[in-house]
>>> print(open('data.cif').read())   # mmCIF, C-alpha atoms
data_entry
loop_
_atom_site.label_atom_id
_atom_site.label_comp_id
_atom_site.auth_asym_id
_atom_site.auth_seq_id
_atom_site.Cartn_x
_atom_site.Cartn_y
_atom_site.Cartn_z
CA MET A 7 37.96 -37.20 -27.43
CA SER A 8 34.29 -36.38 -28.06
CA ASP A 9 32.50 -33.79 -25.92
CA GLN A 10 30.28 -36.58 -24.58
CA THR A 11 33.26 -38.65 -23.40
CA ALA A 12 34.95 -35.59 -21.93
CA THR A 13 31.75 -34.62 -20.11
CA LEU A 14 31.43 -38.10 -18.62
CA LEU A 15 35.11 -38.12 -17.61
CA ALA A 16 34.76 -34.68 -16.00
CA ILE A 17 31.69 -35.78 -14.01
CA LEU A 18 33.31 -39.02 -12.84
CA GLY A 19 36.52 -37.18 -11.98
CA MET A 20 34.68 -34.53 -9.98
CA ALA A 21 32.77 -37.32 -8.20
CA ALA A 22 36.01 -39.18 -7.36
CA VAL A 23 37.72 -36.03 -6.04
CA THR A 24 34.71 -35.15 -3.89
CA PHE A 25 34.26 -38.70 -2.60
CA GLY A 26 37.96 -38.80 -1.70
CA CYS A 27 37.61 -35.63 0.39
CA ARG A 28 34.47 -36.87 2.12
CA ILE A 29 35.78 -40.33 2.89
CA SER A 30 39.22 -39.17 4.10
CA GLY A 31 38.06 -38.72 7.69
CA LEU A 32 37.03 -42.36 7.88
CA LEU A 33 40.58 -43.33 6.84
CA LEU A 34 42.30 -40.75 9.01
CA GLY A 35 40.84 -42.11 12.20
CA PRO A 36 40.29 -40.32 15.49
CA ARG A 37 44.02 -39.77 16.19
CA PHE A 38 44.14 -36.68 13.94
CA ARG A 39 43.91 -33.70 16.31
CA PRO A 40 45.71 -30.56 15.06
CA THR A 41 46.87 -28.06 17.69
CA GLY A 42 48.25 -24.51 17.85
CA ARG A 43 48.79 -22.66 14.58
CA LEU A 44 47.87 -25.75 12.58
CA ARG A 45 44.56 -25.92 14.44
CA ALA A 46 43.94 -22.20 13.70
CA ALA A 47 44.73 -22.81 10.04
CA PHE A 48 42.31 -25.74 9.90
CA ASP A 49 39.59 -23.77 11.69
CA ALA A 50 39.98 -21.02 9.09
CA ILE A 51 39.41 -23.33 6.12
CA PRO A 52 35.58 -23.22 6.00
CA PRO A 53 35.16 -19.40 6.10
CA ALA A 54 38.22 -18.84 3.89
CA VAL A 55 37.00 -21.25 1.20
CA LEU A 56 33.37 -20.11 1.30
CA THR A 57 34.50 -16.47 1.02
CA ALA A 58 36.97 -17.16 -1.78
CA VAL A 59 34.29 -18.88 -3.88
CA ILE A 60 31.88 -15.93 -3.84
CA ALA A 61 34.32 -12.98 -3.58
CA PRO A 62 34.39 -12.30 -7.36
CA THR A 63 30.57 -12.02 -7.43
CA VAL A 64 30.53 -9.86 -4.31
CA LEU A 65 33.40 -7.48 -5.15
CA VAL A 66 34.20 -7.33 -8.85
CA THR A 67 31.05 -8.19 -10.83
CA GLY A 68 29.00 -5.00 -10.59
CA TRP A 69 27.32 -2.55 -8.24
CA PRO A 70 24.01 -4.48 -8.06
CA GLU A 71 25.85 -7.62 -6.85
CA THR A 72 28.08 -5.70 -4.41
CA LEU A 73 25.19 -3.75 -2.88
CA ALA A 74 22.94 -6.82 -2.71
CA ALA A 75 25.78 -8.70 -1.00
CA ALA A 76 26.06 -5.89 1.55
CA ALA A 77 22.32 -6.19 2.27
CA THR A 78 22.71 -9.98 2.53
CA ILE A 79 25.58 -9.66 5.02
CA VAL A 80 23.44 -7.39 7.21
CA ALA A 81 20.57 -9.91 7.02
CA ALA A 82 22.87 -12.87 7.72
CA PHE A 83 23.64 -11.64 11.23
CA ARG A 84 19.98 -11.01 12.06
CA ALA A 85 17.79 -13.47 10.15
CA PRO A 86 17.58 -17.22 9.56
CA MET A 87 19.22 -18.62 6.44
CA LEU A 88 16.08 -18.69 4.31
CA ALA A 89 15.22 -15.04 5.02
CA THR A 90 18.84 -14.10 4.31
CA ILE A 91 18.71 -15.79 0.90
CA VAL A 92 15.38 -14.12 0.03
CA THR A 93 16.85 -10.73 1.04
CA GLY A 94 19.81 -11.22 -1.27
CA VAL A 95 17.77 -12.41 -4.24
CA VAL A 96 15.13 -9.66 -3.94
CA ALA A 97 17.87 -7.03 -3.51
CA VAL A 98 19.86 -8.17 -6.54
CA VAL A 99 16.77 -8.25 -8.78
CA ALA A 100 15.72 -4.75 -7.65
CA LEU A 101 19.24 -3.35 -8.02
CA ARG A 102 19.86 -4.95 -11.42
CA HIS A 103 16.58 -3.43 -12.57
CA GLY A 104 17.34 -0.04 -11.02
CA LEU A 105 21.06 0.23 -11.83
CA GLY A 106 21.21 -1.91 -14.94
CA MET B 25 10.69 -56.41 23.65
CA ASN B 26 12.46 -53.57 25.34
CA THR B 27 12.10 -50.08 23.91
CA ARG B 28 12.83 -48.03 27.05
CA ASP B 29 15.14 -45.10 26.17
CA THR B 30 15.69 -45.96 22.54
CA PRO B 31 13.33 -44.06 20.24
CA SER B 32 11.93 -46.03 17.32
CA ALA B 33 13.65 -45.87 13.93
CA ALA B 34 10.59 -44.07 12.52
CA ALA B 35 10.82 -41.42 15.23
CA GLU B 36 14.52 -40.92 14.53
CA ILE B 37 13.92 -40.51 10.79
CA ARG B 38 11.05 -38.12 11.49
CA GLN B 39 13.32 -36.01 13.70
CA ALA B 40 16.03 -36.02 11.03
CA ILE B 41 13.54 -34.72 8.45
CA VAL B 42 12.35 -32.00 10.81
CA ASP B 43 15.95 -30.91 11.45
CA ILE B 44 16.98 -30.83 7.79
CA THR B 45 13.82 -29.21 6.34
CA PRO B 46 15.04 -25.56 6.45
CA ALA B 47 18.20 -26.59 4.60
CA MET B 48 16.12 -28.51 2.02
CA VAL B 49 13.96 -25.45 1.38
CA ALA B 50 17.09 -23.31 0.95
CA ALA B 51 18.69 -25.89 -1.36
CA ALA B 52 15.62 -26.15 -3.62
CA PRO B 53 16.13 -22.94 -5.66
CA ILE B 54 19.85 -23.67 -5.85
CA GLY B 55 19.13 -27.13 -7.26
CA LEU B 56 16.71 -25.61 -9.79
CA LEU B 57 19.34 -23.04 -10.70
CA TYR B 58 22.01 -25.70 -11.11
CA GLY B 59 19.83 -27.81 -13.40
CA ALA B 60 18.85 -24.80 -15.50
CA LEU B 61 22.38 -23.36 -15.80
CA ALA B 62 23.95 -26.75 -16.54
CA THR B 63 21.55 -27.53 -19.38
CA ALA B 64 22.04 -23.98 -20.70
CA GLU B 65 25.79 -24.79 -20.87
CA GLY B 66 25.04 -27.83 -23.01
CA MET B 67 24.87 -30.64 -20.44
CA SER B 68 22.09 -33.21 -20.92
CA VAL B 69 19.46 -34.03 -18.30
CA VAL B 70 21.27 -37.34 -17.71
CA ASP B 71 24.57 -35.47 -17.17
CA VAL B 72 22.85 -33.24 -14.61
CA LEU B 73 21.36 -36.21 -12.73
CA LEU B 74 24.66 -38.08 -12.80
CA THR B 75 26.52 -35.05 -11.44
CA SER B 76 23.98 -34.37 -8.69
CA ALA B 77 23.94 -38.04 -7.70
CA LEU B 78 27.70 -38.64 -7.70
CA VAL B 79 29.22 -35.23 -6.89
CA PHE B 80 26.35 -33.98 -4.70
CA ALA B 81 28.02 -30.66 -3.84
CA GLY B 82 26.15 -27.49 -4.78
CA GLY B 83 29.11 -25.12 -4.56
CA ALA B 84 31.42 -27.26 -6.65
CA GLN B 85 28.66 -28.07 -9.17
CA LEU B 86 27.79 -24.41 -9.70
CA ALA B 87 31.46 -23.47 -9.93
CA ALA B 88 31.86 -26.21 -12.56
CA VAL B 89 29.03 -24.69 -14.60
CA GLN B 90 30.78 -21.30 -14.41
CA ILE B 91 33.96 -22.67 -16.00
CA TRP B 92 32.23 -25.19 -18.28
CA SER B 93 33.11 -24.83 -21.98
CA TYR B 94 33.94 -26.96 -25.03
CA PRO B 95 36.34 -28.68 -25.23
CA VAL B 96 35.58 -29.60 -21.61
CA PRO B 97 38.39 -28.23 -19.36
CA ILE B 98 38.68 -31.43 -17.30
CA ALA B 99 41.83 -30.40 -15.38
CA ALA B 100 40.39 -27.01 -14.38
CA LEU B 101 37.13 -28.68 -13.32
CA LEU B 102 38.97 -31.18 -11.11
CA VAL B 103 41.15 -28.48 -9.52
CA SER B 104 38.13 -26.27 -8.86
CA THR B 105 36.21 -29.21 -7.36
CA LEU B 106 39.12 -30.17 -5.13
CA LEU B 107 39.59 -26.59 -3.92
CA ILE B 108 35.94 -26.09 -3.09
CA ASN B 109 35.40 -29.52 -1.55
CA ALA B 110 38.66 -29.76 0.43
CA ARG B 111 36.62 -28.57 3.42
CA TYR B 112 34.98 -32.00 3.49
CA ILE B 113 38.31 -33.48 4.56
CA LEU B 114 38.01 -31.54 7.82
CA MET B 115 34.29 -32.10 8.24
CA SER B 116 34.79 -35.80 7.61
CA ALA B 117 37.68 -36.02 10.09
CA SER B 118 35.56 -34.31 12.73
CA LEU B 119 32.44 -36.47 12.30
CA ALA B 120 34.12 -39.84 11.70
CA PRO B 121 34.78 -40.75 15.36
CA LYS B 122 31.20 -39.80 16.29
CA VAL B 123 29.69 -42.35 13.90
CA ALA B 124 32.31 -45.07 14.40
CA HIS B 125 29.64 -47.37 15.95
CA LEU B 126 27.62 -47.47 12.68
CA PRO B 127 28.17 -50.17 10.01
CA LEU B 128 31.10 -49.47 7.65
CA LEU B 129 29.22 -49.71 4.35
CA GLY B 130 26.59 -47.38 5.76
CA ARG B 131 29.26 -44.91 6.86
CA ILE B 132 30.81 -44.91 3.39
CA LEU B 133 27.42 -44.19 1.80
CA GLY B 134 26.54 -41.70 4.52
CA PHE B 135 29.81 -39.82 4.04
CA HIS B 136 29.28 -39.76 0.27
CA VAL B 137 26.17 -37.61 0.89
CA LEU B 138 27.81 -35.44 3.54
CA ALA B 139 27.04 -31.79 2.72
CA ASP B 140 27.51 -28.64 4.82
CA GLU B 141 23.97 -28.72 6.15
CA ASN B 142 23.48 -32.39 7.11
CA TRP B 143 27.04 -32.46 8.44
CA ALA B 144 26.24 -29.55 10.78
CA MET B 145 23.00 -31.23 11.92
CA SER B 146 24.74 -34.56 12.50
CA GLU B 147 27.49 -32.87 14.52
CA ARG B 148 24.83 -31.21 16.66
CA ARG B 149 22.97 -34.49 17.13
CA ALA B 150 26.18 -36.33 18.04
CA GLY B 151 27.00 -33.57 20.54
CA GLY B 152 23.80 -34.32 22.44
CA GLY B 153 24.45 -38.06 22.67
CA ARG B 154 24.91 -41.09 20.46
CA ILE B 155 23.74 -40.48 16.89
CA SER B 156 21.53 -43.31 15.60
CA ALA B 157 21.74 -45.06 12.24
CA PRO B 158 18.17 -44.09 11.18
CA TYR B 159 18.88 -40.42 12.01
CA PHE B 160 22.24 -40.17 10.23
CA PHE B 161 21.40 -42.25 7.15
CA GLY B 162 17.79 -40.99 6.99
CA MET B 163 18.91 -37.37 6.93
CA GLY B 164 21.57 -38.01 4.29
CA ALA B 165 19.13 -39.92 2.07
CA VAL B 166 16.39 -37.29 2.31
CA PHE B 167 18.82 -34.45 1.59
CA TRP B 168 20.24 -36.34 -1.39
CA VAL B 169 16.77 -37.06 -2.85
CA ASN B 170 15.86 -33.38 -2.36
CA TRP B 171 18.94 -32.21 -4.30
CA MET B 172 18.39 -34.80 -7.07
CA SER B 173 14.72 -33.82 -7.43
CA PHE B 174 15.31 -30.09 -7.72
CA SER B 175 18.30 -30.31 -10.04
CA PHE B 176 16.25 -32.68 -12.24
CA LEU B 177 13.34 -30.23 -12.20
CA GLY B 178 15.72 -27.38 -13.04
CA ALA B 179 17.20 -29.30 -15.95
CA LEU B 180 13.69 -30.03 -17.30
CA THR B 181 12.19 -26.57 -16.82
CA GLY B 182 15.32 -24.46 -17.36
CA PRO B 183 14.98 -24.25 -21.14
CA LEU B 184 11.30 -23.21 -20.75
CA ILE B 185 11.93 -20.52 -18.14
CA GLY B 186 14.92 -19.01 -19.91
CA ASP B 187 17.75 -17.17 -18.20
CA PRO B 188 17.40 -17.85 -14.44
CA THR B 189 19.51 -14.79 -13.64
CA ARG B 190 16.45 -12.68 -14.52
CA PHE B 191 14.92 -13.86 -11.25
CA GLY B 192 18.16 -13.38 -9.35
CA ALA B 193 18.29 -17.17 -8.90
CA ASP B 194 22.05 -17.11 -9.51
CA PHE B 195 22.42 -14.92 -6.42
CA ALA B 196 20.71 -17.49 -4.15
CA PHE B 197 24.00 -19.40 -4.12
CA THR B 198 26.01 -16.28 -3.20
CA ALA B 199 23.47 -15.39 -0.50
CA MET B 200 23.58 -18.89 0.99
CA PHE B 201 27.37 -18.81 1.13
CA ILE B 202 27.20 -15.39 2.82
CA ALA B 203 24.81 -16.90 5.40
CA LEU B 204 27.10 -19.91 5.96
CA THR B 205 30.18 -17.67 6.19
CA ALA B 206 28.47 -15.37 8.72
CA GLY B 207 28.08 -18.41 10.95
CA PHE B 208 31.87 -18.66 11.11
CA ALA B 209 32.50 -14.93 11.69
CA LYS B 210 32.57 -15.22 15.47
CA SER B 211 35.96 -13.73 16.38
CA ARG B 212 38.27 -10.93 15.29
CA THR B 213 40.54 -13.53 13.72
CA SER B 214 37.77 -15.07 11.65
CA VAL B 215 36.65 -11.64 10.39
CA MET B 216 40.24 -10.92 9.35
CA VAL B 217 40.38 -14.31 7.62
CA ILE B 218 37.20 -13.50 5.67
CA VAL B 219 38.38 -10.01 4.64
CA ALA B 220 41.81 -11.29 3.56
CA ALA B 221 40.31 -14.23 1.64
CA ALA B 222 37.81 -11.95 -0.10
CA LEU B 223 40.44 -9.41 -1.23
CA ALA B 224 42.90 -12.07 -2.39
CA ALA B 225 40.21 -14.01 -4.26
CA ALA B 226 38.76 -10.94 -5.99
CA GLY B 227 42.24 -9.73 -6.95
CA THR B 228 43.22 -13.13 -8.32
CA HIS B 229 39.96 -13.41 -10.24
CA LEU B 230 40.70 -10.07 -11.93
CA THR B 231 44.33 -10.86 -12.73
CA VAL B 232 44.64 -14.63 -13.19
CA GLY B 233 41.03 -15.77 -13.53
CA ALA B 234 38.87 -18.70 -12.37
CA PRO B 235 39.19 -21.15 -10.69
CA TRP B 236 42.48 -19.97 -9.16
CA HIS B 237 40.76 -17.33 -7.06
CA VAL B 238 39.48 -20.14 -4.81
CA LEU B 239 42.98 -21.41 -4.02
CA ALA B 240 44.47 -17.91 -3.66
CA GLY B 241 41.67 -16.69 -1.39
CA ALA B 242 41.59 -19.83 0.74
CA LEU B 243 45.37 -19.98 1.24
CA THR B 244 45.53 -16.27 2.08
CA GLY B 245 42.76 -16.62 4.67
CA ILE B 246 44.34 -19.73 6.20
CA THR B 247 47.76 -18.04 6.36
CA VAL B 248 46.25 -15.01 8.10
CA ALA B 249 44.66 -17.31 10.68
CA ALA B 250 47.94 -19.10 11.37
CA ILE B 251 49.77 -15.75 11.75
CA LEU B 252 47.13 -14.12 13.96
CA ASP B 253 46.83 -17.18 16.18
CA GLY B 254 50.40 -16.56 17.37
CA GLY B 255 49.35 -13.06 18.47
CA GLU B 256 46.47 -14.32 20.58
CA ALA B 257 46.94 -16.10 23.88
CA ALA B 258 47.48 -19.82 23.45
CA ARG B 259 44.24 -21.72 23.74
#
>>> encode(input="data.cif", output="structure tokens")
Amino acid sequence: MSDQTATLLAILGMAAVTFGCRISGLLLGPRFRPTGRLRAAFDAIPPAVLTAVIAPTVLVTGWPETLAAAATIVAAFRAPMLATIVTGVVAVVALRHGLG
Amino acid sequence: MNTRDTPSAAAEIRQAIVDITPAMVAAAPIGLLYGALATAEGMSVVDVLLTSALVFAGGAQLAAVQIWSYPVPIAALLVSTLLINARYILMSASLAPKVAHLPLLGRILGFHVLADENWAMSERRAGGGRISAPYFFGMGAVFWVNWMSFSFLGALTGPLIGDPTRFGADFAFTAMFIALTAGFAKSRTSVMVIVAAALAAAGTHLTVGAPWHVLAGALTGITVAAILDGGEAAR
């Protein structure tokens, strides 16, 4: 298989997987209402997934990233999203320059 | 003609644009970054546009760039995409009954462009009353065009600018996810979920490698939530 074909297949596959996730609620219907521990597990999915995606950058990439993430976390509880992102980006550039 | 309580379609679209603008501004550098990183990994401008149009998920797209190599690891890319986008199953299930009055084809298209930000705005809108077709579809369309435009721009300008990590652009994604995660850190349980997920994901990334850290971290966090929920009073 050529790289071009594989690239196209990967893109279409990723699109199909994502579309399947997004459309599932329309198929599931309004009867799906988890309760108890299942409900707690479902509620935990967004923060658990978001955290898992970025944890390697935050914890095991380098001191500039870890310290910038700490500054970003502080900002996240005090500032709107845009200001939080700017804080993180400015901090990581400064720290990479200073510590790198 | 009776227009009493029903705002015009134009007014609904205008309100949707106002509501989604902060998220569009935040998504702009991430779209630029995606376009630049993807072309640096060898994807063509057409590949970038196709991905942004059809996948339309910043987190999954950036994660895909991280694990992109030749030969293209299709299975790993699909697993990573599924892990990162599984949250849409829940978001979709939650929003579906609130838009059940809208036309089916529209709902299918509207749910294709459902991202964290316009989902959250639509949920809020639906909470305050019936969400209108112009609001829901208008917001989705505008957010989609925004993401397409900036990833296209990133793909075009990326090779000229050089390594976007010099400007810390790669960290914009991490910072946005921190901001989104902070929005969920509202109870002791959720903080424990986040800490457990972070430790498990980082540990797995060191030992096993990407993209398995997403599954390990997510499952650990979810398990912690299910265990801790038994300790708290039943809701």
>>> residues_around(input="data.cif", residues="region 92-106 of chain B", least_positions_apart="4", cutoff="8 Å", atoms="all atoms listed in the file", output="PDB file with C-alpha atoms, in the frame of the given file")
ATOM      1  CA  ASP A   9      32.500 -33.790 -25.920  1.00  0.00           C
ATOM      2  CA  ALA A  12      34.950 -35.590 -21.930  1.00  0.00           C
ATOM      3  CA  THR A  13      31.750 -34.620 -20.110  1.00  0.00           C
ATOM      4  CA  LEU A  15      35.110 -38.120 -17.610  1.00  0.00           C
ATOM      5  CA  ALA A  16      34.760 -34.680 -16.000  1.00  0.00           C
ATOM      6  CA  GLY A  19      36.520 -37.180 -11.980  1.00  0.00           C
ATOM      7  CA  MET A  20      34.680 -34.530  -9.980  1.00  0.00           C
ATOM      8  CA  VAL A  23      37.720 -36.030  -6.040  1.00  0.00           C
ATOM      9  CA  THR A  24      34.710 -35.150  -3.890  1.00  0.00           C
ATOM     10  CA  CYS A  27      37.610 -35.630   0.390  1.00  0.00           C
TER      11      CYS A  27
ATOM     12  CA  GLU B  65      25.790 -24.790 -20.870  1.00  0.00           C
ATOM     13  CA  ALA B  84      31.420 -27.260  -6.650  1.00  0.00           C
ATOM     14  CA  GLN B  85      28.660 -28.070  -9.170  1.00  0.00           C
ATOM     15  CA  ALA B  87      31.460 -23.470  -9.930  1.00  0.00           C
ATOM     16  CA  ALA B  88      31.860 -26.210 -12.560  1.00  0.00           C
ATOM     17  CA  ALA B 110      38.660 -29.760   0.430  1.00  0.00           C
ATOM     18  CA  PRO B 235      39.190 -21.150 -10.690  1.00  0.00           C
ATOM     19  CA  TRP B 236      42.480 -19.970  -9.160  1.00  0.00           C
ATOM     20  CA  VAL B 238      39.480 -20.140  -4.810  1.00  0.00           C
TER      21      VAL B 238
END
>>> atom_distance(input="data.cif", atom1="CA of Thr30 (chain B)", atom2="CA of Lys122 (chain B)")
17.8 Å
>>> interface_residues(input="data.cif", of="chain B", to="chain A", cutoff="6 Å", atoms="all atoms listed in the file", output="PyMOL selection string")
chain B and resi 50+75+78-79+98+102+110+112-113+116-117+120-121+135-136+192+195-196+198-200+203+205+218+221-222+225-226+238+241-242+245-246+249-250
>>> atom_distance(input="data.cif", atom1="CA of Glu141 (chain B)", atom2="CA of Phe174 (chain B)")
16.4 Å
>>> atom_distance(input="data.cif", atom1="CA of Ile44 (chain B)", atom2="CA of Val215 (chain B)")
27.6 Å
>>> resolve_selection(input="data.cif", expression="the PyMOL selection byres ((chain B and resi 55) around 6)", output="number ranges by chain")
B: 52-54, 56-58, 171, 174-175
>>> write_last_selection(input="data.cif", atoms="C-alpha atoms", output="short mmCIF file (atom, residue, chain, number, x, y, z; two decimals), in the frame of the given file")
data_model
loop_
_atom_site.label_atom_id
_atom_site.label_comp_id
_atom_site.auth_asym_id
_atom_site.auth_seq_id
_atom_site.Cartn_x
_atom_site.Cartn_y
_atom_site.Cartn_z
CA ALA B 52 15.62 -26.15 -3.62
CA PRO B 53 16.13 -22.94 -5.66
CA ILE B 54 19.85 -23.67 -5.85
CA LEU B 56 16.71 -25.61 -9.79
CA LEU B 57 19.34 -23.04 -10.70
CA TYR B 58 22.01 -25.70 -11.11
CA TRP B 171 18.94 -32.21 -4.30
CA PHE B 174 15.31 -30.09 -7.72
CA SER B 175 18.30 -30.31 -10.04
#
>>> resolve_selection(input="data.cif", expression="the PyMOL selection byres ((chain B and resi 155-164) around 6)", output="JSON, numbers by chain")
{"B": [33, 36, 37, 40, 134, 137, 150, 154, 165, 166, 167]}
>>> closest_residue(input="data.cif", among="B:Leu114, B:Met145, B:Val49, B:Ala139", to="Pro40 (chain A)", atoms="all atoms listed in the file")
B:Leu114
>>> closest_residue(input="data.cif", among="B:Val69, B:Ala240, B:Leu138, B:Leu61", to="Ile91 (chain B)", atoms="only C-alpha atoms")
B:Leu61
>>> residues_near_point(input="data.cif", point="(21.4, -22.4, -14.5)", cutoff="8 Å", atoms="all atoms listed in the file", output="PyMOL selection string")
chain B and resi 56-64+89+178+182+187-189+194
